[in-house]
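S.K.: Structure below; questions to follow.
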Amino acid sequence: APWPMVALDDIAFFTAHVFAHPEKWSGQTLAIEGESLTFAEIAAIFEKVTGIPAEYRPMTLEEYAAQGLPNAHDVINMLRFFIEYRLPRNLQSLKRIHPELINFEQWLRKTEWKGEPGEVQKDPITGSK
(Lines give C-alpha, C1' and ligand atoms only; values in the text may rest on other atoms or scores of the structure.)
Protein backbone atom coordinates (compact mmCIF):
# COMPACT_ATOMS: atom_id res chain seq x y z
CA ALA A 1 0.00 0.00 0.00
CA PRO A 2 1.20 3.55 -0.56
CA TRP A 3 2.91 5.07 2.47
CA PRO A 4 1.66 8.57 3.40
CA MET A 5 4.68 10.83 3.82
CA VAL A 6 4.88 14.35 5.21
CA ALA A 7 7.84 16.61 5.99
CA LEU A 8 8.39 17.59 9.61
CA ASP A 9 8.08 21.29 8.73
CA ASP A 10 4.70 20.57 7.16
CA ILE A 11 3.56 18.71 10.28
CA ALA A 12 4.49 21.84 12.26
CA PHE A 13 2.52 24.03 9.84
CA PHE A 14 -0.63 21.93 10.11
CA THR A 15 -0.30 21.70 13.90
CA ALA A 16 -0.12 25.50 14.16
CA HIS A 17 -3.04 25.81 11.73
CA VAL A 18 -5.26 23.49 13.77
CA PHE A 19 -4.48 25.36 17.01
CA ALA A 20 -5.07 28.72 15.31
CA HIS A 21 -8.52 27.59 14.10
CA PRO A 22 -10.17 25.69 16.96
CA GLU A 23 -13.64 26.66 15.73
CA LYS A 24 -13.05 24.53 12.63
CA TRP A 25 -10.84 21.73 13.95
CA SER A 26 -11.97 21.09 17.53
CA GLY A 27 -12.91 17.43 17.71
CA GLN A 28 -11.87 16.86 14.09
CA THR A 29 -9.06 14.89 12.51
CA LEU A 30 -6.93 16.45 9.79
CA ALA A 31 -5.26 13.59 7.93
CA ILE A 32 -2.13 15.11 6.44
CA GLU A 33 0.45 14.05 3.91
CA GLY A 34 2.76 15.53 1.32
CA GLU A 35 2.07 12.53 -0.89
CA SER A 36 1.57 8.77 -0.67
CA LEU A 37 4.15 6.58 -2.37
CA THR A 38 4.83 2.88 -2.67
CA PHE A 39 8.23 1.75 -1.49
CA ALA A 40 9.24 1.12 -5.13
CA GLU A 41 8.34 4.74 -5.94
CA ILE A 42 10.32 5.96 -2.92
CA ALA A 43 13.41 4.06 -4.11
CA ALA A 44 13.04 5.40 -7.67
CA ILE A 45 12.70 9.02 -6.49
CA PHE A 46 15.63 8.62 -4.09
CA GLU A 47 17.83 7.32 -6.93
CA LYS A 48 16.67 10.06 -9.30
CA VAL A 49 17.41 12.87 -6.85
CA THR A 50 20.60 11.57 -5.22
CA GLY A 51 22.12 9.58 -8.06
CA ILE A 52 22.69 6.77 -5.56
CA PRO A 53 21.44 3.39 -6.83
CA ALA A 54 18.39 2.28 -4.86
CA GLU A 55 15.92 -0.53 -5.19
CA TYR A 56 12.99 -1.79 -3.21
CA ARG A 57 13.32 -5.37 -2.10
CA PRO A 58 9.98 -6.44 -0.67
CA MET A 59 9.83 -8.54 2.45
CA THR A 60 7.04 -9.76 4.66
CA LEU A 61 6.35 -8.09 7.97
CA GLU A 62 7.66 -11.22 9.66
CA GLU A 63 10.93 -10.97 7.72
CA TYR A 64 11.22 -7.32 8.73
CA ALA A 65 10.62 -8.22 12.39
CA ALA A 66 13.35 -10.87 12.20
CA GLN A 67 15.93 -8.16 11.32
CA GLY A 68 16.11 -7.30 15.03
CA LEU A 69 15.91 -3.56 14.43
CA PRO A 70 15.05 -1.32 17.37
CA ASN A 71 11.40 -0.26 17.37
CA ALA A 72 10.60 -2.66 14.49
CA HIS A 73 7.24 -3.38 16.14
CA ASP A 74 6.27 0.31 15.73
CA VAL A 75 7.04 0.25 12.01
CA ILE A 76 5.21 -3.05 11.58
CA ASN A 77 2.12 -1.72 13.35
CA MET A 78 2.12 1.41 11.15
CA LEU A 79 2.50 -0.70 8.02
CA ARG A 80 -0.36 -2.98 9.09
CA PHE A 81 -2.54 0.05 9.75
CA PHE A 82 -1.89 1.61 6.35
CA ILE A 83 -2.34 -1.70 4.55
CA GLU A 84 -5.62 -2.51 6.32
CA TYR A 85 -7.25 0.82 7.16
CA ARG A 86 -5.64 3.61 5.14
CA LEU A 87 -6.97 6.99 6.29
CA PRO A 88 -8.35 8.95 3.34
CA ARG A 89 -6.46 12.14 2.60
CA ASN A 90 -7.40 14.99 0.30
CA LEU A 91 -4.18 16.40 -1.11
CA GLN A 92 -5.91 19.24 -2.98
CA SER A 93 -7.67 20.35 0.19
CA LEU A 94 -4.40 20.18 2.12
CA LYS A 95 -2.68 22.34 -0.51
CA ARG A 96 -5.45 24.94 -0.19
CA ILE A 97 -4.59 25.18 3.52
CA HIS A 98 -0.82 24.99 2.93
CA PRO A 99 0.19 25.86 -0.65
CA GLU A 100 3.90 25.24 0.10
CA LEU A 101 3.25 21.61 1.11
CA ILE A 102 6.17 19.58 -0.25
CA ASN A 103 6.42 16.08 -1.65
CA PHE A 104 9.19 13.51 -1.15
CA GLU A 105 11.26 14.67 -4.12
CA GLN A 106 11.13 18.28 -2.95
CA TRP A 107 12.05 17.20 0.58
CA LEU A 108 15.08 15.24 -0.68
CA ARG A 109 16.27 18.23 -2.70
CA LYS A 110 15.70 20.62 0.24
CA THR A 111 17.43 18.49 2.87
CA GLU A 112 20.08 16.97 0.58
CA TRP A 113 19.66 13.72 2.50
CA LYS A 114 21.66 10.90 0.92
CA GLY A 115 20.43 7.98 2.99
CA GLU A 116 22.88 8.19 5.85
CA PRO A 117 21.51 6.67 9.06
CA GLY A 118 20.53 8.89 11.92
CA GLU A 119 18.47 8.98 15.05
CA VAL A 120 14.94 10.10 14.36
CA GLN A 121 13.34 9.79 17.76
CA LYS A 122 14.01 12.42 20.37
CA ASP A 123 13.76 12.19 24.13
CA PRO A 124 10.28 13.53 24.98
CA ILE A 125 11.59 15.51 27.97
CA THR A 126 14.88 16.98 26.77
CA GLY A 127 14.35 16.95 23.01
CA SER A 128 17.83 15.46 22.56
CA LYS A 129 18.56 12.49 20.31
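To be explicit about the labels: the chains of the C-alpha coordinates are called A, B, and onward in the order shown, and within each one the residues are counted from 1, while ligands get numbers from 1 in the order they are shown.
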Any chance you could list, as an NGL selection string, the residues in chain A that come up strand (DSSP E or B) when DSSP is run on the backbone?
M.R.: :A and (3-5 or 35-37)
S.K.: Report as JSON lines the residues of region 37-112 of chain A within 9 Å of region 17-31 of chain A, each with its shortest atom pair and distance in Å (one decimal), using only C-alpha atoms, ordered by chain and increasing residue number.
M.R.:
```
{"residue": "A:Leu87", "atom": "CA", "partner": "A:Ala31", "partner_atom": "CA", "distance": 7.0}
{"residue": "A:Pro88", "atom": "CA", "partner": "A:Ala31", "partner_atom": "CA", "distance": 7.2}
{"residue": "A:Arg89", "atom": "CA", "partner": "A:Ala31", "partner_atom": "CA", "distance": 5.7}
{"residue": "A:Asn90", "atom": "CA", "partner": "A:Ala31", "partner_atom": "CA", "distance": 8.0}
{"residue": "A:Leu94", "atom": "CA", "partner": "A:Ala31", "partner_atom": "CA", "distance": 8.8}
{"residue": "A:Ile97", "atom": "CA", "partner": "A:His17", "partner_atom": "CA", "distance": 8.4}
```
S.K.: In Å to one decimal, how far is CA of Thr50 (chain A) from CA of Tyr64 (chain A)?
M.R.: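 Interatomic distance here is 25.3 Å.
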S.K.: What does the structure give for the distance between CA of Val75 (chain A) and CA of Phe46 (chain A), in Å to one decimal?
M.R.: 20.1 Å
S.K.: Determine which residues of chain A receive a DSSP assignment of helix (DSSP H, G or I), computed from the backbone, and state them as a PyMOL selection string.
M.R.: chain A and resi 8-20+22-25+39-50+61-65+72-84+91-97+104-111
S.K.: Please provide the set of residues having any atom within 9 Å of Leu61 (chain A), restricted to only C-alpha atoms, with same-chain residues fewer than 2 positions apart removed, written as a list in words.
M.R.: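 My list of contacting residues is Met59, Glu63, Tyr64, Ala65, Ala66, Ile76, Leu79 and Arg80 of chain A.
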S.K.: Hey, can you check how far CA of Glu41 (chain A) sits from CA of Glu55 (chain A)?
M.R.: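 CA of Glu55 (chain A) lies 9.3 Å from CA of Glu41 (chain A).
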S.K.: Given only C-alpha atoms as the basis, pick out the residue of A:Leu101, A:Ile52, A:Leu108, A:Leu91 nearest to Ile11 (chain A).
M.R.: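 Result for the nearest residue to Ile11 (chain A): A:Leu101.
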